[in-house]
Structure formats: structure tokens, C-alpha cells
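Following: one structure in C-alpha cells, then a few remarks.
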Amino acid sequence: MADGKMVDDIATLNVLNEKTILEQLKNRYHKDLIYTYIGDILLAVNPYRSLPIYSHEESTKYVNLKYRRTVRPHVFAIADKAYQQMKRTGVNQCCVISGESGTGKTETAKFIVQHIINHCHSHQRGLQDKILQVNPLLEAFGNAKTIMNNNSSRFGKFIEIKFTTDGKVVGASIDDYLLEKSRIVVQNQGERNFHIFYYMFAGLTADEKYTYYLAEPEKHRIVNGNHSVKEVFRTDKDHQHCQTKFNELKKLLLTEGFSDEDVDTMFTVLAAIVNLADIEFELDQDLDGAYVGDEYYLKVVSSLLSVDPVDLAEALISTTTYTRGEQIVMLKTVEQANDGRDALAKALYSRLFGWIVGQINDILAPRDEYSNESRCSIGILDIFGFENFTHNSFEQLCINFTNEQLQYFFNQNIFAWEQLEYANEGISMNEIKFNNNKGLLQLFMERPIGIFALLDEESKFPQATDDTLVHKFNERFSKHPNFVATTGVYRGSVFGIRHYAGDVVYKAVGFLEKNRDSLSRGVSDCLKNSENMFVSKLFRSKLSSTGSIHRRNDNRSKDRKAILLCPSRPQRQTGDQSKQRTSTGRKSDSKTQQTTLTSCFKESLTELMEKVLAAEPQFLRCIKPNNQKQSQRYEDNVVLTQLRCTGVLQTTSIRRLGYAVRLTFEEFVNRYKFLCFPMTARVQYNAVNCYQLLESTGLSDWQVGKTKVFLKYWHSEQLDSLMDSHIANVVTSQKCVRGWLARQRIQRLRNHSRRITSQFMIYVQENGENLFRNVAQTNEHDIRKRGKVNKTKTPVKTAAVARTSTASPDREVSLTPSNNNETFEPSEVQKLILQDTLAAVRSLDPRVWCRLYFIERNRAVDAFSIASPTLIVDGSSRQQRGRIGVQSLQFSNSDSQSQRIRSFIGKGVQLEMDSEGHIYATRLTKNDIYVRGWTRPQFCCVSADIIKSGGSLPYGEAIRAFDMDEFKVHVAMEEEREGNKDFIRHLCILSLSFIKNSEDDTKTPCWVSLVVLPALRQRMNDPQVLEEIKEIRQEYRTAKEIKEEAERLSKKRRWAKKNIRSSNFEKGERKAGRLVRLMEREKAISEGLPWKYSWEKSDDEESNKPSDVSDGVSESEQSMAESSYYHSDISSYRHSRHVGGSDIRRATMKRLEQADPGLRRRQSRHYYASEQVEEDKMYTSDNSGMKIERRRRWAKVSEFIRQDEEKDLTQE
């Protein structure tokens, strides 16, 4: 291929040098082609902007990808390759992403997870979404802004997606490594703390901040960069971004399975960390020890962590040791107290982070039904990149050593192991030189004179300093080629290391303290005893050898050096072997377990490399085009430096000349024997058959070794293409054969069906006449039997024949329900139809459930007794069982308005009754139908649905028109008050208006009235209904009593609110003693002065109280005075700080002196003498009594000192 054209694979260039590689990458970058292949390795250049190449449509192009050359290079291609390789071979895969900080490793890892999850299936609903949402959740707690990257990973994570053998995802797990805990308490200039703190301050409401005791972010030390930033959110866009992220984070936590209580507890711990860092210590000049200066933050932290403030203060300012069974308490210096405070903040955050990872693993763990199945996995390693800042500390040393380890693994996998395999197999290959960094790893890892070993040794000595550490480094490693002894401008606590990515100068200030990572036992015990079960669990959980608390298989390898230096290629493990390795292993020896940060770092790195070595790697190299994080800017020198450091030129050479695919004879024959041999043939696994198979394919430039076949990386695609072609031919042949077999089977089934059908038709023909005669005889018998029954029984009156005449009007009565002041006056027509119904009800069939009356101009036109289950009243002229047409009725003296309204009835209304006595109405016509009297529910039994719909029946929907429960309630209320029984009978009437005019439906000339007979019958003689009515009456009485009690309590509350007493905090403002107050009252009354009790103070007096405290109160004291936790008077607090100390300080010192009586004397031997000198200065009078008292006190002090000295000598 010509060198002037762009190529997808650099290994295919004719001229291979740094210039051509740099030119290819530059041309592709300016055309937004950020991905390039180096053989089977992917090279990615960070565009620093969003590109439209990650959509679902684009991702679909890389699913089941068979021929890589048909699509452009993409990270999706690497993800698909890992997934297909896992399914085909059953070997675990691992995507290793490497590069400097800011090259886009985290985003690349997210794209890999996204592609794999979106295009594989899962048996568990929602599992795939939860896996995808893990990355943004961990980024909030584990990423931070640095000088080189706005979203830099400050920990390493290994995401392991677990699959069944057929490729269905069943779960996932996450391992976290090397969390940068020191970032919690200190950040370099221009950097930030972890994202979650800024999300909290931007997303929490004012009330939530008050709940968590959070002020403005600028007032908290660990959020504003140690008080070096005036504004934490410099722009509104930054604040809005953090606020949006916070809202998204809360949704993610709930989606992942965290409860609201878990989320609140997490924010409580984070708020405690923020306030803990604001605790400041001051020096006690008398005791030469530290004490808590401003106790507000101490009390806030104690409240958030649910610990006793005295216990926390004691743990922060003192240490306790035991010598020969005696307890000795020593006060810390201010520097030691600050270190202990920071150690507690780091421990809280790291344990919280480990708990979050553990919870995520529990949520994403495979379910029990997959525990016994064989599983495969794909791991994605996303870890912090190489860093070289102006000031590099202990964290950068660990980060850069981790990148050295990954670079060494890459060199071993690509160069060393491959060339060693060529030599062992007898393959002719020119040796390719590469930059081997094994010597640097040995510089750090060798014992007992490695850098890490020497750092651990110095950390054990309390008198060791950072300067002495660097001095020993210079003495031991000055001649090592990778160590730079500092001289000249770098004199002091600095040293240099020659890394593969360049020389880095480290400032050793704080190395020993960070490595000790000391959390005193007293602080740990204090948190273990927390009343908050979550905090107590965090500190009671046992730490693993890697320093993490979440449940991880803590199986330490038998040889750490063998894993980190990996001299030979490891055996790749299948899913079953990996499962067995995880479940077994040598338990960690607690006696040899180290507690320094370096030992945890080495254990974490060993565990990480053990996982990577156990899988087949897929390498991705990330490169940044410039150091300014700008898009469309490509700097040749920046890219070239990265290419040289990572050995891209050598990698390209070995990928073009070498053989990336190396299969054993057995693997090769089993996979491709169908290309040359019959499928059922038994082919021996030897070199001859492999030669024969390869020659039949027409490939070139391959070699066969002693036990393996060596192929170019493109040979596997060509062989797979041939296999797909052969398999397609086989599938076609199988399809034809299976189709012929299916057609033969169908023909046989058809012939059999014809025979069965013919036999059945003959049977039917033979027995048809007999069957017909039997059916005819049965029918005649049924007709005769039905005729006899009709002669002996009275026929039920149906809607067509059960008509009665209108009864004569009864006398007028006035019915007044006792539960309402409004008087109910039944209309004439209501009285008439009720009289008619009462007269006919006893003679009606029990199946008749209502009497239906047609009303026109306030008189009953006709009446029907309804026994059919449903009834339709419409405007037709038909009459049959269950249907009454209004036009079929005979209306005498009907006016034009009534005729017009009857024509509007149309399809009418359908009525039916359920088993409980409720009547449901369904409007079938498009015109309105209203329930009459719905505006006065106290005089009818309409349902709540009718009232809600405004009395109108909805179209095509059954609605409860008559409510039997309402009827029973009315009956119960009337029984309670011994009301009128005629009023109860009128409640059984339901009236429907066919139209409503603009004024009121009561003026409608035509309507239908129904008398609900079950209500009348149940009211008369049904014991069950009477029992229900009795229960309703009892409930009514209970409700009445409840209402009276509520009114009584409301009156008491109103009185108490109006006549509130003074609080106990105002007792100091008045004279104590009830007798004194009574005497003052009598005196005031005798003199004619106004007098009020304490609970009779007016609102004016309350409003005149001073609202401000005394001048000169500090901001923290004002916050403490306003805090819901600290209610003490601010003036007394200020006085306690200057005279004798606060309550907490006094209680802390008292408890320390009880634990160790010699504390005060040991901290200051001449304390009592100095106290006496101060008293001598105060007593300047020549009063003899004062002199005698002074001498007596001095004698007591001298005797006390003498006794203590004698006791010490005796013990010695």
C-alpha cells in the first residue's frame, strides 16, 4: 500500500518509521478518524470533543464482526472481538487500557462495557442497565479534577462481566485498587477533591445542608483547596453541571438498589468528613499538649457519626499505651493531632468507598441458579495514567509504578514471550529490541534493599524523617541506572526516577506519614462504639490485605515476585478454572500481614496482575494530541514522545513480522479440519496434517513449529471466512434434506388423515338416522313436560304484560329527616307511585327487583314490574322481555314538548342490579340523561360516582346510580334518631331525566322513576340487613364520639397555644422560688402595678426580646449557637473558652486523668510550682492570715510531689 494514503493498520505500511507513523496518525486525526490498528492492537487519540461515532446504529455495525477490514477501526471492534473470542474458546478475556493521564482511558472503558452489554442477552430483567450505570456512580466517588484531566480516575477498577458459556450475561463484579485517600485532606494547587463533595454542595437544598451541618463550600477546608480558593464554583455553568450530576447520582443510587436510608447515611458520612477536616487544635501551654480549639465542629462530627464528643476528643488528642500492665496516656502534639484527624477522614472515606463497591457487587452478583454453571468473563481494566506534575508526591510514585507494571506486562506479552516462543518452536525470526523496564521494577520490589522495602523499614522508626529516607535512597541506589540522586537545585527531600515515560522528580515530604497511614486504636474504638450501626459496621469490618473492606476473596498468591515480574507466559484459564481459582487458595497469614500503605499497594497490584495474567489480553493504547486538552490541535512532539515511550514503532515491527496467532496442533485441527478433512474423520494432531490443511487453504507466509501453528493476525480472518463459506454450504444441504424429509412426513400425515376422515363419515352415515330419531323423541318429551309446568304455575309479570293502574292519591305527609334542618316534601307523583308499589309488593314474584313508572307532567303514564336481569328503556316502539320502547306506550293528552322530548330518548338507558342490591345505569343514547335529586344527596341514595359526574350518566359506561350502602346508612341514622319511616320508604325511589334544560332538570316534563324493591323488602324482614344496619349505627356512634374528642383536644391546643409558658432557658431571667414570685405579685397588686404570670406574657413582650447575642461573637460560635445540636448560651460558651475551658475539654481531661493519674504531672512536672508562683503574684498584701494560708497550701503541694516521686522510684 502506498505510504501517501491513509491506512487502517499501520503494520501494512511499506515504509515503517516514526515519520510515517506520525503522519498517518495526524492525517487520520484531522479527519476525525481517531482509531488506528497496529496489528491486533488498537491505538486511540483523544479528540477532546464528542464525535457521532458511538450511536446505537454505529455500534450495530460491529456486532458479530467477521471481517475487520470491512469497517473502520473502532473500540467497538475490540469489544466484539473479546466477546466472540470468549464464546468460541471459553477463555476469559481482558481489555487492558493504558496511557498517560488525560488520554481518555475512562471513556474508552465505558464504550467497551456499553457495546458488550447492549448486544448480549440476559436472563435477568434490568441487569444490563445496572451494569451500565456503575461507571458514572463510581466516577462520582472515585474521580477528581487534576491539572492534566478534569475527570481523572484516582483509583483503579477492574470490571469483570460474567457470562454463561452461550454468551448471556449473568452478573458482574468490580474490584477497586489503590484509592488515592490523601486527596481527601490535601490537594495540589489547581486541583480538586473527589467529585461527590462538589455535587453535594451544588445539589443539596438549603434545608438539607442545614440538616447535614454544611455551610457554604468556601468555608470548608477540604472543599476549597485548603482555603486557597475564593469561589469553589467559579461560573454558573460549573454550579449547574454539579447540580445536574447530583440529581443524576441520586437517581442512579436508587436504580442500582440503594435504599433512601442508605443514600441518607452516605451523605451523613460525607458531611462528617467535611466537618471533621475543619477541626483545629491548639497548644495547651501548661500541659504541652493539643486540645480542640473550636468545639463546634467536634460536636457536629459527633452528632453526625453518633459518637460521644468526649470520647472523640479524647481519641483525637491522646494516645494510650500499656507498659507492664500499667496504662500510660500521652497527649499528642498539634501536628500529631492534625495527622490523626486527617487519618480518620481518609479512613472514613476509603471505608465508605469500599462499602459502596461491596454493595454494587452484591447487587450485580449472579443469582443462585447460575452458581453451579460454568462461566466465562470479560474484564476491563481502567486505571489512572502516568503522571508528572510540578510537585510529585507519594501518590504519583504509586501511580507511575503501576503504569510501569502494565508497560512491563505489555512488553512481556508482545515482545519477550513472543520471541521466546519463536526460539522454543524453532521459528526463524529476527530479534526485535525493545525498552525493557524490568530493572526499574526490581529497583522497587527487591528485598531487602528495594525502595518499597526501605520505605517500610523507615516507617517503623518514629524518629525517622523524610530527609533521612531520601538520604538512604541516595546511599543505596545512587548507582542504579533508573535512580537519579538529587544534587544542586534539587537538594533536600527529593529524588528522581527514570520511568519509561520520562524522568520524574519526587518530593519526599510526607512520604513516611502517608505510608504509615496511622489510625490510632483509640479513634478506631470510638467509631466502633458508634450508635450509628452503619458507622460502627464500617470500622468493625475486617480489612483485607489490600486495605479494602468489601468482601473480596483475600487469597494471597504464593509468590508475589512471580506474578509481578512474570518471567514466562502464564496458562490462560477458562471460566471453570477461574471459578476454581477464586474459590480456593491459601489463606492470608494475619501474622505476616503488613499495615503500611506500601504493603497494601503491593498486595493490590499483585491481585490485579493475577487477574490480568489469567485472561487473554486485548490491548488498547490511548494517546493525547496536546497538553492543553484542546480539540482540533495536534502537536507532533507531544504525540512522538508518547509513541517512543510506549514503543509503538517496535510494536508495529513485531506485529508486521511476527505471528500474532499461535495455535497448538490440537486447537488448529479441531477448529479448521473441516476445510480439508471429512467432518467425521479422526485426524491426528501432528505437523503433517497441519501442513496439509494449511496448503489446502491457499494461504502464505505461515509457519509450523514443533507443537504450534504460527499465523499472521489476518490469517485468522481468512480461515474464518473459509469456514463460514463451508458451513453455509452445509447449512444449505441440510436445509434441502430437511425440507424433503418434512414434505414426506406431511404426505404421510395427509394420507392417514384421509383414511380417518373416510371411516368417520361412514360411521356418521350409518348412525345418523338413529341419532335424528332419538333427538326428535327427546324434544317432544321436553315440550310436553314444559306444558304441564305452565298450567300449574302463575306466570310472572314481565315488562310486556305486568302493568298496573295508577293508585289513588294518599294523604299528604311532611317528612323531615332529623339529621338535617332542611325539610323534605315528597311530590304528589312520588306519593302515588310509592302507594302503588306498597299495595302490589306482597303479590309480586320474588324475582321482580323494581317497579318502573313512566312519568309525564307529574302523573304516572304506565307501570311495569321488572324481573329480567337487565332492562333497556329506549325511544323505539318495540316491547319485549328486557326492553321497553317509550313510543309503544299510550299517552293521553300528550303535548308537543313531551313528544319532542320522547323523540330525544334514542337508544335510551340500560339498567341492571347486582347481587348486593346496587343498580347500575348505562347511557346508550348520545343525549344527556340525569339522575333527579342528585344535588340533595341527604334525600336520596345516589352514589358518590353520580355526584362526582354532576348527576350525568357517562356515555357507554356503567355507573352505580342507586347505592344500597347509602340506603343502609340512611336507615341506620334514622333508627338512631327514631326518624320517620315514610321518609325511609321514599329513599327507595330512583328517577332518571331524559333531558336537562338550562335551568333545572326538575322542570323536565318526562322522566322514569324506579322503586327499588330489594330495599323495601330488606327493610321489612331481612335479618341480615337489620344486622348490618345495627353495625352501621354502632359505627355512627363511634364516629360521633371521635368527633367530640377531636373538638375537645382542639380546644385544649388552642388554649395552650394562646397561654404558652416560658421555656426553661428563661429561668435565669427571673428570681427562683415560688414564694418569692407570690410575694412580688402581692406587692404589685397592692401598689396597683400590672402583674402577669409567666404563661400570660403577651406577643409584644415576646417580640421585644433581644434577638442578637453580644458583640464580638465569632462566626463558628454564632453557627454553634444557632445549631439545633448546640443550644447552650453563647455568652457562657465564650466565657468557658477563656476561663477554665469548656465542658467537653474539662470532661476529656478528667477522664484522661482517671485513666492515668500521673498524666498532668508527667506532661508538666512543675505544674503545681508554677501555679504557686502565679498565686504569689496575686497575693501582694502583707496580711498574715493570707501568708499562713499560702504556706499551708504550698506544704500540701510539696508533700504531694514528694509522694509521687517516691512512688515512681519504687516502681522503677
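Here, A, B, ... name the chains of the C-alpha cells in the order displayed, residue numbers run from 1 inside each chain, and ligands are numbered from 1 in the same displayed order.
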Task: Shell of 8 Å around segment 73-84 of chain A, only C-alpha atoms, local chain residues under 2 positions omitted, as a list in words - done: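 Contacts, with the query itself left out: Asp8, Tyr35, Thr36, Tyr37, Leu42, Ser59, Tyr62, Val63, Asn64, Leu65, Arg68, Val71, Met86, Lys87, Arg88, Gln93, Cys94, Cys95, Thr108, Phe111, Ile112, Val113, His115, Ile116, Gly167, Ile378 and Gln618 of chain A.
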Could the residues in this selection be written to a file with C-alpha atoms, as a JSON list (two decimals), in the first residue's frame?
[["chain", "number", "residue", "atom", "x", "y", "z"],
["A", 8, "ASP", "CA", -6.41, 1.50, 8.94],
["A", 35, "TYR", "CA", -8.79, 4.88, 15.96],
["A", 36, "THR", "CA", -5.95, 3.06, 14.21],
["A", 37, "TYR", "CA", -4.82, -0.56, 14.29],
["A", 42, "LEU", "CA", -5.89, -0.52, 18.89],
["A", 59, "SER", "CA", -22.49, 0.06, 17.34],
["A", 62, "TYR", "CA", -19.59, -4.07, 14.93],
["A", 63, "VAL", "CA", -21.78, -6.92, 16.18],
["A", 64, "ASN", "CA", -20.60, -10.44, 15.20],
["A", 65, "LEU", "CA", -17.88, -8.82, 13.12],
["A", 68, "ARG", "CA", -12.32, -6.46, 10.30],
["A", 71, "VAL", "CA", -15.38, -1.47, 8.71],
["A", 86, "MET", "CA", -14.69, -15.75, 24.76],
["A", 87, "LYS", "CA", -17.69, -17.55, 23.26],
["A", 88, "ARG", "CA", -15.59, -19.50, 20.78],
["A", 93, "GLN", "CA", -10.73, -12.11, 28.13],
["A", 94, "CYS", "CA", -9.27, -8.87, 29.46],
["A", 95, "CYS", "CA", -9.19, -5.43, 27.80],
["A", 108, "THR", "CA", -12.83, 4.10, 26.35],
["A", 111, "PHE", "CA", -17.63, 2.41, 25.47],
["A", 112, "ILE", "CA", -16.39, -1.18, 25.76],
["A", 113, "VAL", "CA", -18.84, -2.01, 28.54],
["A", 115, "HIS", "CA", -21.06, -2.23, 23.44],
["A", 116, "ILE", "CA", -20.81, -5.61, 25.16],
["A", 167, "GLY", "CA", -22.76, -15.68, 25.90],
["A", 378, "ILE", "CA", -14.54, -10.30, 30.14],
["A", 618, "GLN", "CA", -6.74, -7.22, 24.26]]
- [ ] Would you mind listing what lies within 10 Å of Phe353 of chain A as a list in words, with only C-alpha atoms counted and same-chain residues fewer than 4 positions away left out?
- [x]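 Residues meeting the cut-off are Leu138, Phe141, Gly142, Asp176, Leu179, Met266, Ala347, Leu348, Tyr349, Val357, Gly358, Gln359, Ser548, Ile549 and His550 of chain A.
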Mind writing the picked residues with C-alpha atoms as a PDB file, in the first residue's frame?
ATOM      1  CA  LEU A 138     -18.055   5.146  40.734  1.00  0.00           C
ATOM      2  CA  PHE A 141     -16.831   8.903  44.326  1.00  0.00           C
ATOM      3  CA  GLY A 142     -13.513   7.936  42.720  1.00  0.00           C
ATOM      4  CA  ASP A 176     -11.157  -1.332  43.260  1.00  0.00           C
ATOM      5  CA  LEU A 179      -7.725   4.669  46.005  1.00  0.00           C
ATOM      6  CA  MET A 266     -23.812   8.057  52.799  1.00  0.00           C
ATOM      7  CA  ALA A 347     -10.313   6.076  56.778  1.00  0.00           C
ATOM      8  CA  LEU A 348     -13.952   7.173  56.737  1.00  0.00           C
ATOM      9  CA  TYR A 349     -13.906   7.894  53.016  1.00  0.00           C
ATOM     10  CA  VAL A 357     -18.263  -1.149  45.844  1.00  0.00           C
ATOM     11  CA  GLY A 358     -19.303  -4.081  48.012  1.00  0.00           C
ATOM     12  CA  GLN A 359     -22.978  -3.119  47.753  1.00  0.00           C
ATOM     13  CA  SER A 548     -10.403  -2.774  51.299  1.00  0.00           C
ATOM     14  CA  ILE A 549     -13.388  -3.671  53.484  1.00  0.00           C
ATOM     15  CA  HIS A 550     -15.758  -5.117  50.931  1.00  0.00           C
TER      16      HIS A 550
END
Which segment 236-278 of chain A residues have any atom within 12 Å of an atom of segment 213-216 of chain A, and for each, what is the nearest pair of atoms with distance in Å to one decimal, counting only C-alpha atoms, rows sorted by chain and number, as a tab-separated table?
residue	atom	partner	partner_atom	distance
A:Phe267	CA	A:Leu214	CA	11.0
A:Thr268	CA	A:Tyr213	CA	9.4
A:Val269	CA	A:Tyr213	CA	11.6
A:Leu270	CA	A:Leu214	CA	10.4
A:Ala271	CA	A:Leu214	CA	6.9
A:Ala272	CA	A:Tyr213	CA	8.6
A:Ile273	CA	A:Leu214	CA	10.9
A:Val274	CA	A:Leu214	CA	8.1
A:Asn275	CA	A:Leu214	CA	7.7
A:Leu276	CA	A:Tyr213	CA	11.3
A:Asp278	CA	A:Leu214	CA	11.3
How would the residues just chosen look if you wrote them out with N, CA and C atoms as a short mmCIF file (atom, residue, chain, number, x, y, z; two decimals), in the first residue's frame?
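Below you can see selection35.cif, which holds the result:
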data_model
loop_
_atom_site.label_atom_id
_atom_site.label_comp_id
_atom_site.auth_asym_id
_atom_site.auth_seq_id
_atom_site.Cartn_x
_atom_site.Cartn_y
_atom_site.Cartn_z
N PHE A 267 -24.56 10.36 52.65
CA PHE A 267 -24.37 11.81 52.72
C PHE A 267 -24.04 12.26 54.14
N THR A 268 -24.55 11.55 55.14
CA THR A 268 -24.21 11.88 56.52
C THR A 268 -22.73 11.66 56.78
N VAL A 269 -22.19 10.55 56.31
CA VAL A 269 -20.76 10.27 56.50
C VAL A 269 -19.92 11.29 55.74
N LEU A 270 -20.34 11.63 54.51
CA LEU A 270 -19.59 12.63 53.74
C LEU A 270 -19.61 13.99 54.44
N ALA A 271 -20.75 14.37 54.99
CA ALA A 271 -20.81 15.63 55.73
C ALA A 271 -19.93 15.58 56.98
N ALA A 272 -19.87 14.41 57.62
CA ALA A 272 -18.99 14.27 58.78
C ALA A 272 -17.53 14.44 58.38
N ILE A 273 -17.14 13.92 57.22
CA ILE A 273 -15.77 14.08 56.74
C ILE A 273 -15.45 15.55 56.49
N VAL A 274 -16.41 16.27 55.87
CA VAL A 274 -16.19 17.69 55.59
C VAL A 274 -16.00 18.47 56.89
N ASN A 275 -16.83 18.23 57.88
CA ASN A 275 -16.72 18.96 59.14
C ASN A 275 -15.54 18.48 59.97
N LEU A 276 -15.19 17.21 59.84
CA LEU A 276 -14.05 16.68 60.60
C LEU A 276 -12.76 17.39 60.20
N ASP A 278 -12.40 20.34 59.40
CA ASP A 278 -12.38 21.72 59.90
C ASP A 278 -12.05 21.81 61.39
#
TODO: Show which residues sit within 9 Å of segment 522-527 of chain A, as an MDAnalysis selection string. Count only C-alpha atoms, and ignore same-chain residues fewer than 6 positions away.
DONE: chainID A and resid 305:308 311:312 314:316 318:320 340 344 535:536 538:540
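Our summary of the geometry notes that atom CA of Phe619 of chain A is positioned 29.0 Å from atom CA of Ile356 of chain A.
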List the neighbours of Arg878 of chain A out to 12 Å using only C-alpha atoms; skip same-chain residues closer than 5 positions along the sequence, and give me the result as a PDB file with C-alpha atoms, in the first residue's frame.
ATOM      1  CA  ALA A 799     -92.222  -5.879  31.282  1.00  0.00           C
ATOM      2  CA  ALA A 800     -94.666  -6.513  28.471  1.00  0.00           C
ATOM      3  CA  ILE A 872     -83.303  -1.278  28.344  1.00  0.00           C
ATOM      4  CA  VAL A 873     -85.574   1.755  28.120  1.00  0.00           C
ATOM      5  CA  ARG A 883     -86.743  -3.932  26.579  1.00  0.00           C
ATOM      6  CA  ILE A 884     -89.434  -1.241  26.783  1.00  0.00           C
ATOM      7  CA  GLY A 885     -89.920   1.239  23.971  1.00  0.00           C
ATOM      8  CA  VAL A 886     -91.435   4.561  25.021  1.00  0.00           C
ATOM      9  CA  GLN A 887     -93.157   5.083  21.666  1.00  0.00           C
ATOM     10  CA  SER A 888     -95.200   1.912  22.280  1.00  0.00           C
ATOM     11  CA  LEU A 889     -96.909   3.434  25.319  1.00  0.00           C
ATOM     12  CA  LYS A 907     -81.178   4.250  22.315  1.00  0.00           C
TER      13      LYS A 907
END
Task: Between atom CA of Ser943 of chain A and atom CA of Glu1047 of chain A, distance in Å (one decimal) - done: 29.2 Å
Open item on the list: Set the distance at 9 Å and use only C-alpha atoms: which residues neighbour Phe394 of chain A once local chain neighbours fewer than 3 positions away are removed? I'd like the list as a VMD selection string.
Closed with: chain A and resid 397 to 399 506 to 511 514 to 515
Write a file of the selected residues as a PDB file, in the first residue's frame, keeping N, CA and C atoms.
ATOM      1  N   LEU A 397       4.145   8.431  42.900  1.00  0.00           N
ATOM      2  CA  LEU A 397       5.088   7.314  42.872  1.00  0.00           C
ATOM      3  C   LEU A 397       4.349   5.991  42.690  1.00  0.00           C
ATOM      4  N   CYS A 398       3.268   5.790  43.437  1.00  0.00           N
ATOM      5  CA  CYS A 398       2.494   4.548  43.313  1.00  0.00           C
ATOM      6  C   CYS A 398       1.809   4.455  41.951  1.00  0.00           C
ATOM      7  N   ILE A 399       1.265   5.585  41.477  1.00  0.00           N
ATOM      8  CA  ILE A 399       0.576   5.581  40.190  1.00  0.00           C
ATOM      9  C   ILE A 399       1.548   5.248  39.065  1.00  0.00           C
ATOM     10  N   TYR A 506      10.524  13.399  42.470  1.00  0.00           N
ATOM     11  CA  TYR A 506       9.547  13.236  43.552  1.00  0.00           C
ATOM     12  C   TYR A 506       9.996  14.020  44.775  1.00  0.00           C
ATOM     13  N   LYS A 507       9.031  14.702  45.386  1.00  0.00           N
ATOM     14  CA  LYS A 507       9.273  15.422  46.630  1.00  0.00           C
ATOM     15  C   LYS A 507       8.821  14.533  47.772  1.00  0.00           C
ATOM     16  N   ALA A 508       9.757  14.122  48.611  1.00  0.00           N
ATOM     17  CA  ALA A 508       9.500  13.099  49.627  1.00  0.00           C
ATOM     18  C   ALA A 508       8.851  13.634  50.881  1.00  0.00           C
ATOM     19  N   VAL A 509       8.422  14.879  50.899  1.00  0.00           N
ATOM     20  CA  VAL A 509       7.786  15.442  52.089  1.00  0.00           C
ATOM     21  C   VAL A 509       6.460  14.724  52.319  1.00  0.00           C
ATOM     22  N   GLY A 510       6.334  14.121  53.504  1.00  0.00           N
ATOM     23  CA  GLY A 510       5.110  13.416  53.854  1.00  0.00           C
ATOM     24  C   GLY A 510       5.090  11.961  53.452  1.00  0.00           C
ATOM     25  N   PHE A 511       6.208  11.437  52.867  1.00  0.00           N
ATOM     26  CA  PHE A 511       6.232  10.042  52.434  1.00  0.00           C
ATOM     27  C   PHE A 511       6.011   9.085  53.606  1.00  0.00           C
ATOM     28  N   LYS A 514       2.397   9.329  55.130  1.00  0.00           N
ATOM     29  CA  LYS A 514       1.401   8.739  54.229  1.00  0.00           C
ATOM     30  C   LYS A 514       1.545   7.222  54.178  1.00  0.00           C
ATOM     31  N   ASN A 515       2.751   6.745  54.245  1.00  0.00           N
ATOM     32  CA  ASN A 515       2.953   5.294  54.190  1.00  0.00           C
ATOM     33  C   ASN A 515       2.474   4.626  55.481  1.00  0.00           C
TER      34      ASN A 515
END
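Closest to Leu675 of chain A among A:Ile901, A:Met723, A:Cys690, A:Leu254 is A:Met723, based on only C-alpha atoms.
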